[in-house]
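Undergrad: Next comes model24.txt, compact mmCIF, C-alpha atoms:
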# COMPACT_ATOMS: atom_id res chain seq x y z
CA SER Q 1 0.00 0.00 0.00
CA ALA Q 2 1.05 3.59 -0.60
CA VAL Q 3 1.75 6.03 2.21
CA ILE Q 4 0.37 9.47 1.50
CA SER Q 5 1.01 12.69 3.37
CA GLN Q 6 -0.67 16.05 2.98
CA LYS Q 7 0.38 19.53 4.02
CA PRO Q 8 -0.99 21.47 5.74
CA SER Q 9 -3.16 19.20 7.86
CA ARG Q 10 -5.44 22.12 8.62
CA ASP Q 11 -5.63 25.86 8.07
CA ILE Q 12 -7.83 28.84 8.74
CA CYS Q 13 -7.85 31.38 5.93
CA GLN Q 14 -9.43 34.71 5.14
CA ARG Q 15 -11.85 35.05 2.26
CA GLY Q 16 -10.29 36.21 -0.98
CA THR Q 17 -6.97 34.51 -0.31
CA SER Q 18 -5.59 31.29 -1.82
CA LEU Q 19 -4.19 28.13 -0.24
CA THR Q 20 -1.99 25.49 -1.84
CA ILE Q 21 -2.28 21.95 -0.51
CA GLN Q 22 0.54 19.48 -1.08
CA CYS Q 23 0.22 15.73 -1.54
CA GLN Q 24 3.30 13.50 -1.30
CA VAL Q 25 3.36 9.74 -2.00
CA ASP Q 26 6.12 7.39 -0.88
CA SER Q 27 6.25 5.60 -4.25
CA GLN Q 28 5.74 6.43 -7.90
CA VAL Q 29 2.10 6.26 -8.93
CA THR Q 30 0.41 6.83 -12.23
CA MET Q 31 -2.95 8.14 -11.10
CA MET Q 32 -3.55 10.81 -8.47
CA PHE Q 33 -6.90 12.34 -7.60
CA TRP Q 34 -8.22 15.24 -5.56
CA TYR Q 35 -11.51 15.12 -3.62
CA ARG Q 36 -13.51 17.56 -1.54
CA GLN Q 37 -15.63 16.63 1.46
CA GLN Q 38 -17.93 19.41 2.59
CA PRO Q 39 -19.14 19.40 6.21
CA GLY Q 40 -21.41 16.44 6.90
CA GLN Q 41 -21.22 15.28 3.28
CA SER Q 42 -19.64 12.50 1.31
CA LEU Q 43 -16.56 12.85 -0.91
CA THR Q 44 -16.78 14.52 -4.32
CA LEU Q 45 -14.12 14.08 -6.98
CA ILE Q 46 -12.60 17.41 -8.04
CA ALA Q 47 -10.10 16.29 -10.67
CA THR Q 48 -7.54 13.78 -11.85
CA ALA Q 49 -3.99 15.09 -11.60
CA ASN Q 50 -2.14 14.05 -14.74
CA GLN Q 51 1.64 13.97 -14.81
CA GLY Q 52 2.98 16.06 -17.64
CA SER Q 53 -0.36 17.45 -18.76
CA GLU Q 54 -3.29 19.50 -17.54
CA ALA Q 55 -5.56 18.05 -14.88
CA THR Q 56 -8.93 16.60 -15.87
CA TYR Q 57 -11.73 18.33 -13.98
CA GLU Q 58 -15.15 16.97 -13.03
CA SER Q 59 -18.34 18.81 -13.78
CA GLY Q 60 -18.71 21.81 -11.50
CA PHE Q 61 -14.98 22.30 -10.92
CA VAL Q 62 -12.79 24.61 -13.01
CA ILE Q 63 -9.08 25.17 -13.34
CA ASP Q 64 -9.23 28.86 -12.41
CA LYS Q 65 -10.71 28.00 -9.03
CA PHE Q 66 -8.77 24.78 -8.35
CA PRO Q 67 -5.46 24.82 -10.25
CA ILE Q 68 -3.55 21.57 -9.93
CA SER Q 69 0.08 20.74 -10.54
CA ARG Q 70 1.66 17.30 -11.00
CA PRO Q 71 5.36 17.80 -11.60
CA ASN Q 72 6.32 14.15 -11.07
CA LEU Q 73 4.96 10.72 -10.16
CA THR Q 74 5.11 11.23 -6.38
CA PHE Q 75 3.81 14.76 -5.84
CA SER Q 76 0.84 16.97 -6.60
CA THR Q 77 -0.60 20.27 -5.39
CA LEU Q 78 -4.14 21.62 -5.32
CA THR Q 79 -4.72 25.35 -4.93
CA VAL Q 80 -8.03 26.69 -3.67
CA SER Q 81 -8.18 30.18 -5.16
CA ASN Q 82 -10.05 33.30 -4.11
CA MET Q 83 -11.58 31.45 -1.20
CA SER Q 84 -15.02 32.00 0.24
CA PRO Q 85 -16.64 30.41 3.31
CA GLU Q 86 -18.32 27.89 0.98
CA ASP Q 87 -14.85 26.44 0.30
CA SER Q 88 -14.59 25.29 3.90
CA SER Q 89 -14.12 21.55 3.50
CA ILE Q 90 -11.72 18.67 3.88
CA TYR Q 91 -9.56 18.24 0.78
CA LEU Q 92 -8.14 14.78 0.17
CA CYS Q 93 -5.75 13.35 -2.36
CA SER Q 94 -5.70 9.71 -3.36
CA VAL Q 95 -3.71 7.36 -5.56
CA SER Q 96 -4.65 4.15 -7.30
CA GLY Q 97 -3.30 0.97 -5.82
CA THR Q 98 -1.92 -1.92 -7.82
CA GLY Q 99 -3.74 -5.08 -8.81
CA GLY Q 100 -7.20 -3.59 -8.44
CA SER Q 101 -6.69 -2.95 -4.73
CA GLY Q 102 -8.63 0.25 -4.82
CA GLN Q 103 -7.46 3.72 -3.93
CA TYR Q 104 -5.36 4.93 -1.05
CA PHE Q 105 -6.26 8.22 0.54
CA GLY Q 106 -4.24 10.83 2.31
CA PRO Q 107 -5.26 12.07 5.76
CA GLY Q 108 -6.90 15.18 4.33
CA THR Q 109 -6.48 18.93 4.77
CA ARG Q 110 -9.14 20.66 6.87
CA LEU Q 111 -9.79 24.15 5.55
CA LEU Q 112 -11.86 26.79 7.29
CA VAL Q 113 -12.50 30.04 5.44
CA LEU Q 114 -13.65 33.01 7.47
CA ASP D 1 -24.70 10.16 -9.11
CA ALA D 2 -23.83 7.17 -7.00
CA LYS D 3 -25.10 3.86 -8.34
CA THR D 4 -25.55 2.36 -4.89
CA THR D 5 -28.13 2.58 -2.11
CA GLN D 6 -27.24 2.02 1.54
CA PRO D 7 -29.11 2.52 4.81
CA PRO D 8 -28.03 5.81 6.39
CA SER D 9 -27.20 4.27 9.75
CA MET D 10 -26.94 1.00 11.63
CA ASP D 11 -26.14 -0.12 15.16
CA CYS D 12 -24.32 -3.28 16.15
CA ALA D 13 -23.26 -4.67 19.51
CA GLU D 14 -19.56 -5.05 20.17
CA GLY D 15 -18.36 -8.59 19.48
CA ARG D 16 -21.25 -9.39 17.15
CA ALA D 17 -21.12 -9.60 13.37
CA ALA D 18 -21.99 -6.39 11.57
CA ASN D 19 -23.79 -6.96 8.27
CA LEU D 20 -23.94 -3.90 6.01
CA PRO D 21 -26.21 -4.14 2.96
CA CYS D 22 -25.81 -2.38 -0.37
CA ASN D 23 -28.08 -2.30 -3.40
CA HIS D 24 -26.57 -1.81 -6.84
CA SER D 25 -29.31 -2.97 -9.15
CA THR D 26 -27.90 -1.16 -12.22
CA ILE D 27 -24.38 -2.59 -11.93
CA SER D 28 -22.72 -3.36 -15.27
CA GLY D 29 -20.97 -6.60 -16.12
CA ASN D 30 -17.50 -5.09 -15.87
CA GLU D 31 -18.06 -3.20 -12.62
CA TYR D 32 -16.64 -4.37 -9.34
CA VAL D 33 -18.13 -3.74 -5.91
CA TYR D 34 -15.73 -1.90 -3.61
CA TRP D 35 -16.10 -1.13 0.07
CA TYR D 36 -14.34 1.69 1.91
CA ARG D 37 -14.76 3.09 5.36
CA GLN D 38 -14.04 6.50 6.83
CA ILE D 39 -13.31 6.77 10.49
CA HIS D 40 -14.00 10.24 11.86
CA SER D 41 -11.40 12.83 10.81
CA GLN D 42 -9.45 10.37 8.63
CA GLY D 43 -9.22 9.63 4.91
CA PRO D 44 -11.24 6.71 3.54
CA GLN D 45 -9.70 3.27 3.92
CA TYR D 46 -10.03 0.47 1.38
CA ILE D 47 -11.64 -2.66 2.86
CA ILE D 48 -12.41 -5.21 0.16
CA HIS D 49 -13.72 -5.62 -3.38
CA GLY D 50 -15.25 -8.31 -5.57
CA LEU D 51 -16.75 -8.98 -8.98
CA LYS D 52 -19.14 -11.90 -8.53
CA ASN D 53 -17.54 -14.34 -6.14
CA ASN D 54 -17.60 -13.95 -2.39
CA GLU D 55 -14.39 -12.54 -1.01
CA THR D 56 -12.71 -12.59 2.40
CA ASN D 57 -9.65 -10.84 3.77
CA GLU D 58 -8.28 -10.00 7.19
CA MET D 59 -10.73 -7.15 7.63
CA ALA D 60 -14.05 -8.40 6.30
CA SER D 61 -16.07 -10.67 4.04
CA LEU D 62 -18.02 -9.59 0.99
CA ILE D 63 -21.08 -11.52 -0.12
CA ILE D 64 -22.41 -10.69 -3.60
CA THR D 65 -25.76 -12.07 -4.73
CA GLU D 66 -25.85 -14.26 -7.80
CA ASP D 67 -27.57 -11.57 -9.87
CA ARG D 68 -25.00 -9.05 -8.57
CA LYS D 69 -27.72 -6.55 -7.75
CA SER D 70 -26.83 -6.38 -4.09
CA SER D 71 -24.06 -7.22 -1.67
CA THR D 72 -23.34 -7.43 2.04
CA LEU D 73 -20.18 -6.45 3.86
CA ILE D 74 -19.62 -8.54 6.97
CA LEU D 75 -17.39 -7.50 9.86
CA PRO D 76 -17.27 -10.80 11.78
CA HIS D 77 -16.49 -9.52 15.28
CA ALA D 78 -17.17 -5.81 15.45
CA THR D 79 -15.15 -3.67 17.84
CA LEU D 80 -15.63 -0.07 18.93
CA ARG D 81 -12.90 0.92 16.46
CA ASP D 82 -15.13 -0.24 13.61
CA THR D 83 -17.45 2.71 14.20
CA ALA D 84 -17.22 4.60 10.89
CA VAL D 85 -19.05 5.54 7.72
CA TYR D 86 -18.97 2.62 5.27
CA TYR D 87 -19.18 3.32 1.54
CA CYS D 88 -20.21 0.80 -1.11
CA ILE D 89 -19.00 1.82 -4.58
CA VAL D 90 -19.33 0.21 -8.00
CA TYR D 91 -16.28 0.84 -10.15
CA SER D 92 -14.81 -0.32 -13.42
CA GLY D 93 -12.06 2.21 -13.93
CA GLY D 94 -9.16 -0.16 -13.44
CA GLY D 95 -7.51 2.55 -11.37
CA ALA D 96 -7.68 5.20 -14.07
CA ASP D 97 -10.80 6.95 -12.82
CA GLY D 98 -11.84 8.58 -9.58
CA LEU D 99 -14.50 7.16 -7.33
CA THR D 100 -18.13 8.23 -6.99
CA PHE D 101 -19.11 8.15 -3.34
CA GLY D 102 -22.69 7.85 -2.14
CA LYS D 103 -23.84 8.82 1.33
CA GLY D 104 -22.71 5.58 2.94
CA THR D 105 -23.85 3.87 6.14
CA HIS D 106 -22.86 5.24 9.50
CA LEU D 107 -22.16 2.11 11.54
CA ILE D 108 -22.15 2.62 15.29
CA ILE D 109 -20.75 -0.17 17.44
CA GLN D 110 -22.35 -0.18 20.86
CA PRO D 111 -20.38 -1.38 23.92
Any chance you could put this one into structure tokens?

TA:
Amino acid sequence: SAVISQKPSRDICQRGTSLTIQCQVDSQVTMMFWYRQQPGQSLTLIATANQGSEATYESGFVIDKFPISRPNLTFSTLTVSNMSPEDSSIYLCSVSGTGGSGQYFGPGTRLLVL
Amino acid sequence: DAKTTQPPSMDCAEGRAANLPCNHSTISGNEYVYWYRQIHSQGPQYIIHGLKNNETNEMASLIITEDRKSSTLILPHATLRDTAVYYCIVYSGGGADGLTFGKGTHLIIQP
């Protein structure tokens, strides 16, 4: 299984500012994903982080609001731009396991926007 | 939208078997059934998956009906640490696609 770390683990931000969340994996992985979990809700896929090309965004999520970088096979960042209180959520990254073993998730980043 | 239906919550006594049902009546032939759980304040954790045969690992057993329209996750001897939200997901992405989470079942293990 992959070991995934995220930074920061939590943050409190002012509206109108931006926050970049880092995701680090202990091994090279092909597929990395970013999810959002709003308070009391389930997880929603934001985008697939593609190495060497632009991320693939799900309906309702756009690059200007959630720019993503994937410079190599072990690292990705998600930026939450021009934040509003509605962006207060847990943001999680995940990677695909091998042999159909599902996805492994990071511990999440808890974001509170005031 | 999620292709699965689960009860919103369930209780189970500590030490007993917890049986969590999931309906996936529109599952396609190439879709697997995956189970994850999310303990409070943590990222989801993979539990088990199957296509059509029953599966067992060190965490749980997965029973899939013959018509594949429903399944049951079994935690054989539930402990307080098994209190979590359990998600049943149908998936055929082979690792290339993200997951679509439903609302899951909040399982509460009672002492």

Undergrad: Which polymer residues have any atom within 8 Å of an atom of segment 87-92 of chain D, counting all atoms listed in the file, with same-chain residues fewer than 6 positions away left out, as a ChimeraX atom specification?

TA: /D:2-4,6,22,24,27,30-37,99-105

Undergrad: Tell me which of D:Ala13, D:Thr72, D:Glu66, D:Tyr86 sits closest to Tyr46 of chain D, counting all atoms listed in the file.

TA: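 Nearest candidate to Tyr46 of chain D out of D:Ala13, D:Thr72, D:Glu66, D:Tyr86: D:Tyr86.
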
Undergrad: Could the residues of chain Q within 12 Å of chain D, counting all atoms listed in the file, be given as a PyMOL selection string, please?

TA: chain Q and resi 1-6+9-10+29-37+39-50+56-59+89-110

Undergrad: To one decimal place in Å, what is the distance between atom CA of Ile63 of chain Q and atom CA of Asp11 of chain Q?

TA: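 Value for the atom CA of Ile63 of chain Q-atom CA of Asp11 of chain Q distance: 21.7 Å.
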
Undergrad: Pick from Q:Gln22, Q:Ser88, Q:Ser53, Q:Gln28: nearest to Thr74 of chain Q, with all atoms listed in the file counted?

TA: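 Closest candidate: Q:Gln28.
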
Undergrad: What gap, in Å, lies between atom CA of Glu55 of chain D and atom CA of Ser71 of chain D?

TA: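 Rounded to one decimal, the two atoms are 11.1 Å apart.
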
Undergrad: Record the distance separating atom CA of Pro85 of chain Q and atom CA of Arg70 of chain Q, expressed in Å with one decimal.

TA: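 Straight-line distance from atom CA of Pro85 of chain Q to atom CA of Arg70 of chain Q works out to 26.7 Å.
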
Undergrad: Quick one: 3 Å padding each side, axis-aligned, all listed atoms of segment 10-29 of chain Q - centre and edge lengths in Å to one decimal, as lines of an AutoDock Vina configuration file?

TA:
center_x = -2.8
center_y = 20.9
center_z = -0.1
size_x = 24.1
size_y = 36.6
size_z = 23.7

Undergrad: Can you pull out every residue within 6 Å of Asn54 of chain D, counting only C-alpha atoms, but drop anything in the same chain fewer than 6 positions away, and send it as a PDB file with C-alpha atoms, in the coordinates of the input?

TA:
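Everything below was put into out.pdb:
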ATOM      1  CA  LEU D  62     -18.020  -9.590   0.990  1.00  0.00           C
ATOM      2  CA  ILE D  63     -21.080 -11.520  -0.120  1.00  0.00           C
ATOM      3  CA  ILE D  64     -22.410 -10.690  -3.600  1.00  0.00           C
TER       4      ILE D  64
END
